[in-house]
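Engineer: Supplied structure: run.pdb, PDB, C-alpha atoms.
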ATOM      1  CA  MET A1419     -46.056 287.877 183.852
ATOM      2  CA  ASP A1420     -43.560 285.100 183.124
ATOM      3  CA  ARG A1421     -44.059 283.429 179.747
ATOM      4  CA  LEU A1422     -42.471 280.528 177.941
ATOM      5  CA  LYS A1423     -42.709 280.181 174.146
ATOM      6  CA  VAL A1424     -44.731 277.133 173.038
ATOM      7  CA  GLU A1425     -42.550 274.916 170.871
ATOM      8  CA  GLY A1426     -43.641 274.776 167.232
ATOM      9  CA  HIS A1427     -45.973 277.791 167.504
ATOM     10  CA  SER A1428     -44.597 281.244 166.782
ATOM     11  CA  ASN A1429     -47.422 283.202 168.431
ATOM     12  CA  LEU A1430     -48.247 281.023 171.435
ATOM     13  CA  TYR A1431     -46.835 281.432 174.919
ATOM     14  CA  ARG A1432     -47.505 279.594 178.180
ATOM     15  CA  ASP A1433     -48.078 281.666 181.298
ATOM     16  CA  LEU A1434     -45.834 280.065 183.889
ATOM     17  CA  ASN A1435     -48.038 281.215 186.788
ATOM     18  CA  SER A1436     -51.411 279.948 185.568
ATOM     19  CA  GLY A1437     -50.395 277.431 182.896
ATOM     20  CA  ALA A1438     -52.660 279.170 180.364
ATOM     21  CA  VAL A1439     -51.706 279.241 176.687
ATOM     22  CA  ILE A1440     -51.767 282.797 175.341
ATOM     23  CA  ASN A1441     -52.058 283.764 171.672
ATOM     24  CA  CYS A1442     -50.067 286.963 171.147
ATOM     25  CA  ASN A1443     -51.161 287.474 167.526
ATOM     26  CA  ARG A1444     -53.799 290.219 167.613
ATOM     27  CA  ASP A1445     -54.933 289.600 164.018
ATOM     28  CA  GLU A1446     -55.674 285.919 164.716
ATOM     29  CA  TYR A1447     -57.530 286.874 167.881
ATOM     30  CA  ASP A1448     -59.636 289.439 166.012
ATOM     31  CA  LEU A1449     -60.477 286.830 163.360
ATOM     32  CA  TYR A1450     -61.499 284.389 166.100
ATOM     33  CA  ILE A1451     -63.770 286.969 167.739
ATOM     34  CA  LYS A1452     -65.406 287.818 164.387
ATOM     35  CA  ALA A1453     -65.927 284.136 163.552
ATOM     36  CA  LYS A1454     -67.460 283.529 166.976
ATOM     37  CA  ALA A1455     -69.831 286.489 166.538
ATOM     38  CA  ASN A1456     -70.811 285.227 163.070
ATOM     39  CA  ARG A1457     -71.588 281.765 164.482
ATOM     40  CA  GLU A1458     -73.718 283.294 167.238
ATOM     41  CA  ASN A1459     -75.582 285.441 164.687
ATOM     42  CA  MET A1460     -76.246 282.407 162.493
ATOM     43  CA  ILE A1461     -77.568 280.451 165.475
ATOM     44  CA  ASN A1462     -79.859 283.350 166.402
ATOM     45  CA  GLU A1463     -81.128 283.620 162.812
ATOM     46  CA  ILE A1464     -81.802 279.877 162.676
ATOM     47  CA  ASN A1465     -83.708 280.009 165.965
ATOM     48  CA  THR A1466     -85.760 282.963 164.688
ATOM     49  CA  LEU A1467     -86.582 281.075 161.487
ATOM     50  CA  LYS A1468     -87.632 278.027 163.523
ATOM     51  CA  GLN A1469     -89.973 280.166 165.612
ATOM     52  CA  GLU A1470     -91.452 281.801 162.523
ATOM     53  CA  LEU A1471     -91.938 278.413 160.865
ATOM     54  CA  ASP A1472     -93.731 277.141 163.966
ATOM     55  CA  GLU A1473     -96.030 280.188 163.830
ATOM     56  CA  VAL A1474     -96.816 279.526 160.153
ATOM     57  CA  LYS A1475     -97.538 275.874 160.919
ATOM     58  CA  GLN A1476     -99.881 276.871 163.750
ATOM     59  CA  LEU A1477    -101.709 279.330 161.496
ATOM     60  CA  LEU A1478    -102.080 276.721 158.746
ATOM     61  CA  LYS A1479    -103.382 274.204 161.260
ATOM     62  CA  LYS A1480    -105.885 276.747 162.565
ATOM     63  CA  ILE A1481    -107.060 277.552 159.032
ATOM     64  CA  THR A1482    -107.524 273.887 158.148
ATOM     65  CA  ASP A1483    -109.267 273.140 161.451
ATOM     66  CA  ASP A1484    -111.720 276.011 160.950
ATOM     67  CA  ASN A1485    -112.866 274.603 157.605
TER      68      ASN A1485
END
Reformat the file's structure so that it appears as structure tokens.

Structural biologist:
Amino acid sequence: MDRLKVEGHSNLYRDLNSGAVINCNRDEYDLYIKAKANRENMINEINTLKQELDEVKQLLKKITDDN
């Protein structure tokens, strides 16, 4: 794979065949993957809380309608 160093960035290279920019710093990549997983987990938790809140609202509505 032919690579060209990206000017001004010590860990970035451009693949001359595809034009893709490649980060060769494994630590930065690992941090990115962890941050992405954390964001996805937070989104899932928020969606779960929304669903649970909707269930509570439905139960409260049912209780008030029954009286």

Engineer: Between CA of Gly1437 in chain A and CA of Val1424 in chain A, what is the distance, to one decimal in Å?

Structural biologist: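 Atom-to-atom, CA of Gly1437 in chain A and CA of Val1424 in chain A are spaced 11.4 Å apart.
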
Engineer: Please report the interatomic distance between CA of Cys1442 in chain A and CA of Ser1428 in chain A in Å with one decimal.

Structural biologist: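 Between CA of Cys1442 in chain A and CA of Ser1428 in chain A the gap works out to 9.0 Å.
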
Engineer: Considering all atoms listed in the file, return as a count of residues only whatever protein or nucleic-acid residues lie within 7 Å of Lys1423 in chain A, sequence-local ones (same chain, fewer than 6 positions apart) excluded.

Structural biologist: 3

Engineer: Find the residues near Asp1433 in chain A: any atom within 9 Å, counting all atoms listed in the file, skip ones fewer than 5 places away on the same chain, and give them as number ranges by chain.

Structural biologist: A: 1419-1422, 1438-1440

Engineer: Would you kindly return, as an MDAnalysis selection string, each protein, DNA or RNA residue with an atom no farther than 12 Å from any atom of range 1445-1455 of chain A, considering all atoms listed in the file and excluding same-chain residues fewer than 6 positions away?

Structural biologist: chainID A and resid 1429:1430 1461:1462

Engineer: Provide the CA of Asn1443 in chain A to CA of Asn1459 in chain A distance in Å, to one decimal place.

Structural biologist: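 Distance reported for this atom pair: 24.7 Å.
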